[in-house]
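upload_11.tsv, holding TSV, N, CA and C atoms:
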```tsv
chain	number	residue	atom	x	y	z
A	65	MET	N	-174.80	59.93	230.32
A	65	MET	CA	-175.11	59.40	231.64
A	65	MET	C	-174.64	60.37	232.70
A	66	ARG	N	-175.48	60.72	233.62
A	66	ARG	CA	-175.14	61.65	234.70
A	66	ARG	C	-174.51	60.91	235.87
A	67	ALA	N	-173.46	61.51	236.41
A	67	ALA	CA	-172.82	60.95	237.60
A	67	ALA	C	-173.61	61.41	238.81
A	68	GLY	N	-174.01	60.50	239.64
A	68	GLY	CA	-174.79	60.86	240.82
A	68	GLY	C	-174.00	60.57	242.08
A	69	PRO	N	-173.90	61.56	242.98
A	69	PRO	CA	-173.16	61.34	244.22
A	69	PRO	C	-173.93	60.41	245.17
A	70	GLN	N	-173.21	59.67	245.93
A	70	GLN	CA	-173.79	58.80	246.95
A	70	GLN	C	-173.43	59.39	248.30
A	71	GLY	N	-174.27	60.27	248.81
A	71	GLY	CA	-174.00	60.91	250.09
A	71	GLY	C	-174.82	62.17	250.23
A	72	LEU	N	-174.60	62.88	251.30
A	72	LEU	CA	-175.32	64.11	251.59
A	72	LEU	C	-174.74	65.26	250.77
A	73	VAL	N	-175.57	65.89	249.93
A	73	VAL	CA	-175.14	67.03	249.13
A	73	VAL	C	-175.75	68.29	249.74
A	74	GLU	N	-174.90	69.28	249.99
A	74	GLU	CA	-175.33	70.52	250.62
A	74	GLU	C	-174.87	71.69	249.76
A	75	GLU	N	-175.74	72.65	249.56
A	75	GLU	CA	-175.42	73.84	248.78
A	75	GLU	C	-175.05	74.96	249.74
A	76	ARG	N	-173.94	75.66	249.44
A	76	ARG	CA	-173.47	76.71	250.34
A	76	ARG	C	-172.87	77.85	249.52
A	77	LYS	N	-173.07	79.08	249.95
A	77	LYS	CA	-172.44	80.22	249.28
A	77	LYS	C	-170.98	80.27	249.69
A	78	MET	N	-170.10	80.27	248.69
A	78	MET	CA	-168.65	80.33	248.94
A	78	MET	C	-167.97	81.05	247.79
A	79	PHE	N	-166.90	81.73	248.05
A	79	PHE	CA	-166.08	82.37	247.02
A	79	PHE	C	-166.88	83.36	246.17
A	80	GLY	N	-167.98	83.87	246.66
A	80	GLY	CA	-168.81	84.77	245.86
A	80	GLY	C	-169.67	84.02	244.86
A	81	GLY	N	-169.79	82.72	245.02
A	81	GLY	CA	-170.61	81.89	244.15
A	81	GLY	C	-171.31	80.83	244.96
A	82	ILE	N	-171.62	79.72	244.33
A	82	ILE	CA	-172.31	78.61	245.00
A	82	ILE	C	-171.40	77.40	244.95
A	83	ALA	N	-171.28	76.70	246.06
A	83	ALA	CA	-170.50	75.47	246.12
A	83	ALA	C	-171.41	74.33	246.57
A	84	LEU	N	-171.19	73.17	246.03
A	84	LEU	CA	-171.91	71.97	246.45
A	84	LEU	C	-170.94	71.09	247.21
A	85	LEU	N	-171.31	70.79	248.44
A	85	LEU	CA	-170.47	69.98	249.31
A	85	LEU	C	-171.04	68.57	249.37
A	86	LEU	N	-170.16	67.61	249.29
A	86	LEU	CA	-170.54	66.21	249.39
A	86	LEU	C	-170.01	65.69	250.72
A	87	ASP	N	-170.90	65.36	251.62
A	87	ASP	CA	-170.54	64.91	252.96
A	87	ASP	C	-169.58	65.90	253.64
A	88	GLY	N	-169.84	67.21	253.44
A	88	GLY	CA	-169.07	68.24	254.12
A	88	GLY	C	-167.82	68.72	253.41
A	89	SER	N	-167.49	68.15	252.26
A	89	SER	CA	-166.30	68.55	251.53
A	89	SER	C	-166.71	69.07	250.15
A	90	ILE	N	-166.14	70.22	249.75
A	90	ILE	CA	-166.52	70.81	248.46
A	90	ILE	C	-166.21	69.83	247.33
A	91	ALA	N	-167.18	69.64	246.45
A	91	ALA	CA	-167.00	68.77	245.29
A	91	ALA	C	-166.92	69.61	244.01
A	92	TRP	N	-167.86	70.52	243.84
A	92	TRP	CA	-167.86	71.41	242.69
A	92	TRP	C	-168.68	72.64	243.03
A	93	GLY	N	-168.57	73.65	242.19
A	93	GLY	CA	-169.31	74.87	242.42
A	93	GLY	C	-169.31	75.72	241.18
A	94	VAL	N	-169.93	76.88	241.28
A	94	VAL	CA	-170.01	77.82	240.17
A	94	VAL	C	-169.60	79.18	240.70
A	95	LEU	N	-168.66	79.81	240.00
A	95	LEU	CA	-168.20	81.14	240.34
A	95	LEU	C	-168.22	81.96	239.06
A	96	GLY	N	-169.16	82.88	238.96
A	96	GLY	CA	-169.35	83.60	237.70
A	96	GLY	C	-169.86	82.60	236.68
A	97	SER	N	-169.15	82.47	235.58
A	97	SER	CA	-169.53	81.48	234.56
A	97	SER	C	-168.62	80.26	234.59
A	98	ASP	N	-167.66	80.24	235.51
A	98	ASP	CA	-166.71	79.13	235.61
A	98	ASP	C	-167.18	78.08	236.61
A	99	LEU	N	-166.81	76.85	236.34
A	99	LEU	CA	-166.99	75.78	237.33
A	99	LEU	C	-165.77	75.78	238.23
A	100	VAL	N	-165.96	75.43	239.48
A	100	VAL	CA	-164.86	75.19	240.41
A	100	VAL	C	-164.98	73.71	240.76
A	101	ILE	N	-163.93	72.94	240.49
A	101	ILE	CA	-163.97	71.50	240.68
A	101	ILE	C	-162.89	71.06	241.65
A	102	ARG	N	-163.25	70.22	242.63
A	102	ARG	CA	-162.27	69.59	243.52
A	102	ARG	C	-161.70	68.39	242.77
A	103	VAL	N	-160.39	68.28	242.73
A	103	VAL	CA	-159.74	67.17	242.03
A	103	VAL	C	-158.73	66.51	242.94
A	104	THR	N	-158.44	65.25	242.64
A	104	THR	CA	-157.43	64.54	243.43
A	104	THR	C	-156.03	64.83	242.91
A	105	ASP	N	-155.90	65.05	241.61
A	105	ASP	CA	-154.59	65.32	241.00
A	105	ASP	C	-154.69	66.62	240.20
A	106	THR	N	-154.20	67.69	240.79
A	106	THR	CA	-154.32	69.01	240.18
A	106	THR	C	-153.57	69.08	238.85
A	107	ALA	N	-152.38	68.52	238.78
A	107	ALA	CA	-151.58	68.60	237.56
A	107	ALA	C	-152.29	67.92	236.39
A	108	THR	N	-152.88	66.77	236.62
A	108	THR	CA	-153.60	66.06	235.56
A	108	THR	C	-154.82	66.86	235.12
A	109	ALA	N	-155.55	67.41	236.07
A	109	ALA	CA	-156.75	68.20	235.74
A	109	ALA	C	-156.37	69.45	234.94
A	110	LEU	N	-155.25	70.08	235.29
A	110	LEU	CA	-154.82	71.27	234.56
A	110	LEU	C	-154.38	70.95	233.14
A	111	GLY	N	-154.07	69.69	232.87
A	111	GLY	CA	-153.72	69.26	231.52
A	111	GLY	C	-154.91	69.18	230.59
A	112	ARG	N	-156.11	69.17	231.14
A	112	ARG	CA	-157.32	69.12	230.32
A	112	ARG	C	-157.60	70.52	229.76
A	113	SER	N	-158.28	70.55	228.62
A	113	SER	CA	-158.55	71.84	227.98
A	113	SER	C	-159.51	72.68	228.82
A	114	HIS	N	-159.27	73.98	228.79
A	114	HIS	CA	-160.09	74.99	229.45
A	114	HIS	C	-160.02	74.96	230.98
A	115	ALA	N	-159.08	74.24	231.55
A	115	ALA	CA	-158.88	74.21	233.01
A	115	ALA	C	-157.72	75.14	233.35
A	116	ARG	N	-157.85	75.81	234.47
A	116	ARG	CA	-156.77	76.68	234.94
A	116	ARG	C	-156.73	76.62	236.46
A	117	PRO	N	-155.62	77.02	237.07
A	117	PRO	CA	-155.50	76.93	238.53
A	117	PRO	C	-156.56	77.77	239.25
A	118	PHE	N	-157.03	77.27	240.36
A	118	PHE	CA	-157.94	78.01	241.23
A	118	PHE	C	-157.09	78.93	242.07
A	119	ASP	N	-157.08	80.22	241.70
A	119	ASP	CA	-156.23	81.19	242.38
A	119	ASP	C	-157.07	82.34	242.91
A	120	PHE	N	-158.12	82.01	243.62
A	120	PHE	CA	-159.07	82.97	244.14
A	120	PHE	C	-158.39	84.02	245.01
A	121	THR	N	-157.42	83.63	245.80
A	121	THR	CA	-156.73	84.55	246.71
A	121	THR	C	-155.45	85.12	246.11
A	122	GLY	N	-155.16	84.78	244.86
A	122	GLY	CA	-153.92	85.21	244.24
A	122	GLY	C	-152.84	84.15	244.32
A	123	ARG	N	-153.07	83.12	245.10
A	123	ARG	CA	-152.14	82.01	245.22
A	123	ARG	C	-152.89	80.74	244.81
A	124	PRO	N	-152.38	79.95	243.87
A	124	PRO	CA	-153.09	78.75	243.42
A	124	PRO	C	-153.34	77.77	244.56
A	125	SER	N	-154.56	77.25	244.62
A	125	SER	CA	-154.92	76.27	245.63
A	125	SER	C	-154.76	74.87	245.07
A	126	ARG	N	-154.12	74.02	245.84
A	126	ARG	CA	-153.95	72.64	245.43
A	126	ARG	C	-155.28	71.91	245.60
A	127	GLY	N	-155.66	71.13	244.61
A	127	GLY	CA	-156.88	70.35	244.72
A	127	GLY	C	-158.13	71.00	244.16
A	128	LEU	N	-158.03	72.23	243.68
A	128	LEU	CA	-159.16	72.92	243.07
A	128	LEU	C	-158.74	73.52	241.74
A	129	VAL	N	-159.63	73.47	240.75
A	129	VAL	CA	-159.37	74.08	239.44
A	129	VAL	C	-160.61	74.83	238.97
A	130	TYR	N	-160.39	75.85	238.16
A	130	TYR	CA	-161.46	76.52	237.44
A	130	TYR	C	-161.62	75.82	236.09
A	131	VAL	N	-162.83	75.76	235.58
A	131	VAL	CA	-163.08	75.26	234.23
A	131	VAL	C	-163.91	76.31	233.52
A	132	ALA	N	-163.40	76.82	232.39
A	132	ALA	CA	-164.10	77.83	231.61
A	132	ALA	C	-165.29	77.20	230.88
A	133	PRO	N	-166.31	78.00	230.53
A	133	PRO	CA	-167.52	77.46	229.91
A	133	PRO	C	-167.31	76.53	228.70
A	134	PRO	N	-166.37	76.81	227.80
A	134	PRO	CA	-166.21	75.86	226.69
A	134	PRO	C	-165.76	74.47	227.15
A	135	GLY	N	-165.18	74.39	228.33
A	135	GLY	CA	-164.70	73.11	228.86
A	135	GLY	C	-165.80	72.22	229.38
A	136	TYR	N	-166.99	72.77	229.59
A	136	TYR	CA	-168.11	71.95	230.07
A	136	TYR	C	-169.38	72.15	229.23
A	137	ALA	N	-169.22	72.70	228.02
A	137	ALA	CA	-170.37	72.97	227.16
A	137	ALA	C	-171.07	71.68	226.72
A	138	ALA	N	-170.30	70.64	226.42
A	138	ALA	CA	-170.89	69.36	226.04
A	138	ALA	C	-171.30	68.60	227.30
A	139	GLU	N	-172.42	67.91	227.22
A	139	GLU	CA	-172.93	67.18	228.38
A	139	GLU	C	-171.94	66.14	228.87
A	140	ALA	N	-171.25	65.48	227.97
A	140	ALA	CA	-170.25	64.48	228.36
A	140	ALA	C	-169.10	65.12	229.14
A	141	ASP	N	-168.68	66.32	228.72
A	141	ASP	CA	-167.61	67.02	229.43
A	141	ASP	C	-168.05	67.43	230.84
A	142	LEU	N	-169.27	67.94	230.95
A	142	LEU	CA	-169.80	68.31	232.26
A	142	LEU	C	-169.86	67.10	233.17
A	143	ASP	N	-170.35	65.97	232.64
A	143	ASP	CA	-170.41	64.73	233.44
A	143	ASP	C	-169.03	64.31	233.93
A	144	ALA	N	-168.03	64.44	233.05
A	144	ALA	CA	-166.67	64.04	233.43
A	144	ALA	C	-166.13	64.94	234.54
A	145	TRP	N	-166.38	66.26	234.46
A	145	TRP	CA	-165.92	67.17	235.50
A	145	TRP	C	-166.63	66.91	236.82
A	146	VAL	N	-167.95	66.66	236.76
A	146	VAL	CA	-168.70	66.37	237.98
A	146	VAL	C	-168.18	65.08	238.62
A	147	ALA	N	-167.89	64.07	237.81
A	147	ALA	CA	-167.34	62.82	238.33
A	147	ALA	C	-165.99	63.06	239.01
A	148	LEU	N	-165.15	63.93	238.43
A	148	LEU	CA	-163.88	64.27	239.06
A	148	LEU	C	-164.11	64.99	240.40
A	149	GLY	N	-165.12	65.87	240.44
A	149	GLY	CA	-165.44	66.57	241.67
A	149	GLY	C	-165.91	65.62	242.77
A	150	ILE	N	-166.72	64.64	242.38
A	150	ILE	CA	-167.18	63.64	243.36
A	150	ILE	C	-166.00	62.84	243.90
A	151	ALA	N	-165.11	62.41	243.00
A	151	ALA	CA	-163.93	61.66	243.43
A	151	ALA	C	-163.03	62.52	244.32
A	152	GLY	N	-162.88	63.80	243.98
A	152	GLY	CA	-162.07	64.70	244.78
A	152	GLY	C	-162.65	64.91	246.17
A	153	ALA	N	-163.97	65.07	246.25
A	153	ALA	CA	-164.62	65.24	247.55
A	153	ALA	C	-164.51	63.97	248.39
A	154	ARG	N	-164.67	62.82	247.76
A	154	ARG	CA	-164.54	61.55	248.48
A	154	ARG	C	-163.13	61.40	249.06
A	155	ALA	N	-162.12	61.77	248.27
A	155	ALA	CA	-160.74	61.67	248.74
A	155	ALA	C	-160.49	62.66	249.87
A	156	ALA	N	-161.07	63.85	249.79
A	156	ALA	CA	-160.88	64.86	250.84
A	156	ALA	C	-161.55	64.43	252.13
A	157	VAL	N	-162.68	63.77	252.05
A	157	VAL	CA	-163.38	63.31	253.26
A	157	VAL	C	-162.52	62.29	254.00
A	158	ARG	N	-161.83	61.44	253.26
A	158	ARG	CA	-161.00	60.41	253.89
A	158	ARG	C	-159.77	60.99	254.57
A	159	THR	N	-159.35	62.19	254.19
A	159	THR	CA	-158.13	62.75	254.76
A	159	THR	C	-158.42	63.93	255.69
A	160	LYS	N	-159.61	63.98	256.28
A	160	LYS	CA	-159.94	65.07	257.19
A	160	LYS	C	-158.99	65.08	258.38
A	161	ARG	N	-158.69	66.27	258.85
A	161	ARG	CA	-157.81	66.42	260.00
A	161	ARG	C	-158.56	66.06	261.28
A	162	ALA	N	-157.80	65.64	262.25
A	162	ALA	CA	-158.37	65.33	263.56
A	162	ALA	C	-158.81	66.63	264.22
A	163	LYS	N	-159.82	66.56	265.06
A	163	LYS	CA	-160.28	67.73	265.78
A	163	LYS	C	-159.21	68.17	266.77
A	164	PRO	N	-159.03	69.47	266.94
A	164	PRO	CA	-158.02	69.94	267.91
A	164	PRO	C	-158.42	69.53	269.33
A	165	ARG	N	-157.41	69.25	270.12
A	165	ARG	CA	-157.66	68.87	271.51
A	165	ARG	C	-158.11	70.07	272.32
A	166	ALA	N	-158.91	69.81	273.32
A	166	ALA	CA	-159.35	70.89	274.21
A	166	ALA	C	-158.16	71.33	275.05
A	167	ARG	N	-158.01	72.62	275.19
A	167	ARG	CA	-156.91	73.16	275.99
A	167	ARG	C	-157.31	73.22	277.46
A	168	ALA	N	-156.31	73.15	278.31
A	168	ALA	CA	-156.56	73.29	279.75
A	168	ALA	C	-156.93	74.74	280.03
A	169	PRO	N	-157.80	74.99	280.99
A	169	PRO	CA	-158.17	76.37	281.31
A	169	PRO	C	-156.96	77.16	281.78
A	170	LYS	N	-156.98	78.44	281.52
A	170	LYS	CA	-155.87	79.30	281.93
A	170	LYS	C	-155.84	79.41	283.45
A	171	ALA	N	-154.70	79.81	283.98
A	171	ALA	CA	-154.50	79.88	285.43
A	171	ALA	C	-155.50	80.81	286.10
A	172	ARG	N	-155.82	81.96	285.48
A	172	ARG	CA	-156.76	82.90	286.10
A	172	ARG	C	-158.14	82.27	286.24
A	173	VAL	N	-158.54	81.52	285.24
A	173	VAL	CA	-159.85	80.87	285.30
A	173	VAL	C	-159.85	79.84	286.42
A	174	GLN	N	-158.76	79.10	286.55
A	174	GLN	CA	-158.66	78.11	287.62
A	174	GLN	C	-158.69	78.78	288.99
A	175	ALA	N	-158.03	79.93	289.14
A	175	ALA	CA	-158.01	80.64	290.41
A	175	ALA	C	-159.40	81.15	290.76
A	176	ARG	N	-160.12	81.68	289.77
A	176	ARG	CA	-161.48	82.17	290.02
A	176	ARG	C	-162.39	81.04	290.45
A	177	GLN	N	-162.22	79.90	289.83
A	177	GLN	CA	-163.07	78.77	290.14
A	177	GLN	C	-162.80	78.24	291.54
A	178	SER	N	-161.58	78.38	292.02
A	178	SER	CA	-161.24	77.88	293.36
A	178	SER	C	-161.48	78.94	294.44
A	179	GLY	N	-161.88	80.17	294.05
A	179	GLY	CA	-162.18	81.22	295.02
A	179	GLY	C	-160.96	82.00	295.44
A	180	ARG	N	-159.81	81.77	294.82
A	180	ARG	CA	-158.58	82.47	295.18
A	180	ARG	C	-158.34	83.60	294.18
A	181	THR	N	-159.14	84.63	294.22
A	181	THR	CA	-158.94	85.75	293.30
A	181	THR	C	-158.27	86.90	294.02
A	182	ARG	N	-157.58	87.71	293.28
A	182	ARG	CA	-156.94	88.91	293.81
A	182	ARG	C	-157.44	90.10	293.00
A	183	SER	N	-157.47	91.22	293.62
A	183	SER	CA	-157.87	92.42	292.92
A	183	SER	C	-156.82	92.72	291.86
A	184	ALA	N	-157.24	93.07	290.70
A	184	ALA	CA	-156.32	93.32	289.59
A	184	ALA	C	-155.43	94.52	289.86
A	185	ARG	N	-155.94	95.54	290.57
A	185	ARG	CA	-155.15	96.75	290.79
A	185	ARG	C	-154.25	96.65	292.01
A	186	THR	N	-154.73	96.11	293.09
A	186	THR	CA	-153.95	96.13	294.34
A	186	THR	C	-153.21	94.84	294.61
A	187	GLY	N	-153.67	93.75	294.04
A	187	GLY	CA	-153.05	92.46	294.33
A	187	GLY	C	-153.54	91.89	295.64
A	188	ALA	N	-154.43	92.62	296.31
A	188	ALA	CA	-154.93	92.14	297.62
A	188	ALA	C	-156.05	91.13	297.42
A	189	ARG	N	-156.15	90.22	298.36
A	189	ARG	CA	-157.23	89.24	298.32
A	189	ARG	C	-158.52	89.88	298.81
A	190	PRO	N	-159.65	89.49	298.28
A	190	PRO	CA	-160.91	90.05	298.75
A	190	PRO	C	-161.19	89.61	300.20
A	191	ALA	N	-161.88	90.48	300.93
A	191	ALA	CA	-162.22	90.18	302.33
A	191	ALA	C	-163.27	89.07	302.40
A	192	ASP	N	-163.13	88.18	303.37
A	192	ASP	CA	-164.09	87.07	303.52
A	192	ASP	C	-165.32	87.50	304.23
```

Conversion result in structure tokens:
Amino acid sequence: MRAGPQGLVEERKMFGGIALLLDGSIAWGVLGSDLVIRVTDTATALGRSHARPFDFTGRPSRGLVYVAPPGYAAEADLDAWVALGIAGARAAVRTKRAKPRARAPKARVQARQSGRTRSARTGARPAD
């Protein structure tokens, strides 16, 4: 039985491979011959056979694992990994960070907008 995501699935090039995002959060992907799977519990996923830490940058990333081809060769194994990726993406969507607040304009921008500008070299105000 195939696990089917309930949401918007988008394909995007990432990490030198292809990633599938579920509602904007990576769920699974392919890098070379390995699967990249988003998981909710990295330690448990690493306990499964043929899984290893996702260390694309040289530092292991929490929440992502690589799965070698023998780990997903059977259809049931692939379905289980995809289901973990869907659950991982769903959990990541729920914990999205808030958007950063807009910053106040810098003083120079405020001065220009009010017409009170000074020459950068002389410090003198422009003639009216």

Write out as an MDAnalysis selection string all residues of region 76-162 of chain A that backbone DSSP assigns to strand (DSSP E or B).
chainID A and resid 76:78 81:86 89:95 98:102 115:117 128:131

Any idea what's packed within 10 Å of Arg154 (chain A), counting only C-alpha atoms, ignoring anything in its chain fewer than 5 positions away? Could you give it as a ChimeraX atom specification?
/A:69-71,86-91,102-104,148-149,159

Can those selected residues be exported to a file as a compact mmCIF listing (two decimals), in the coordinates of the input so that it contains N, CA and C atoms?
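The resulting part13.txt:
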```txt
# COMPACT_ATOMS: atom_id res chain seq x y z
N PRO A 69 -173.90 61.56 242.98
CA PRO A 69 -173.16 61.34 244.22
C PRO A 69 -173.93 60.41 245.17
N GLN A 70 -173.21 59.67 245.93
CA GLN A 70 -173.79 58.80 246.95
C GLN A 70 -173.43 59.39 248.30
N GLY A 71 -174.27 60.27 248.81
CA GLY A 71 -174.00 60.91 250.09
C GLY A 71 -174.82 62.17 250.23
N LEU A 86 -170.16 67.61 249.29
CA LEU A 86 -170.54 66.21 249.39
C LEU A 86 -170.01 65.69 250.72
N ASP A 87 -170.90 65.36 251.62
CA ASP A 87 -170.54 64.91 252.96
C ASP A 87 -169.58 65.90 253.64
N GLY A 88 -169.84 67.21 253.44
CA GLY A 88 -169.07 68.24 254.12
C GLY A 88 -167.82 68.72 253.41
N SER A 89 -167.49 68.15 252.26
CA SER A 89 -166.30 68.55 251.53
C SER A 89 -166.71 69.07 250.15
N ILE A 90 -166.14 70.22 249.75
CA ILE A 90 -166.52 70.81 248.46
C ILE A 90 -166.21 69.83 247.33
N ALA A 91 -167.18 69.64 246.45
CA ALA A 91 -167.00 68.77 245.29
C ALA A 91 -166.92 69.61 244.01
N ARG A 102 -163.25 70.22 242.63
CA ARG A 102 -162.27 69.59 243.52
C ARG A 102 -161.70 68.39 242.77
N VAL A 103 -160.39 68.28 242.73
CA VAL A 103 -159.74 67.17 242.03
C VAL A 103 -158.73 66.51 242.94
N THR A 104 -158.44 65.25 242.64
CA THR A 104 -157.43 64.54 243.43
C THR A 104 -156.03 64.83 242.91
N LEU A 148 -165.15 63.93 238.43
CA LEU A 148 -163.88 64.27 239.06
C LEU A 148 -164.11 64.99 240.40
N GLY A 149 -165.12 65.87 240.44
CA GLY A 149 -165.44 66.57 241.67
C GLY A 149 -165.91 65.62 242.77
N THR A 159 -159.35 62.19 254.19
CA THR A 159 -158.13 62.75 254.76
C THR A 159 -158.42 63.93 255.69
```

Measuring atom to atom with only C-alpha atoms, identify which of A:Val129, A:Pro124, A:Ala144, A:Val94 is nearest to Gly111 (chain A).
A:Val129

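What separates CA of Glu74 (chain A) from CA of Ile150 (chain A) is a distance of 12.9 Å.
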
d(atom N of Arg165 (chain A), atom N of Ser125 (chain A)) in Å
26.9 Å

Report, in Å with one decimal, the straight-line distance from atom C of Pro134 (chain A) to CA of His114 (chain A).
6.1 Å

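Checking A:Arg76, A:Tyr130, A:Leu84, A:Glu139 one by one against Thr106 (chain A), counting only C-alpha atoms, you find the shortest gap at A:Tyr130.
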
As a VMD selection string, please: the residues near Asp98 (chain A) (cut-off 9 Å, only C-alpha atoms, same-chain neighbours under 3 positions excluded).
chain A and resid 93 to 95 130 to 133

Could you find all residues in region 123-162 of chain A that DSSP calls helix (DSSP H, G or I) from the backbone, and write them as a PyMOL selection string?
chain A and resi 133-135+139-158
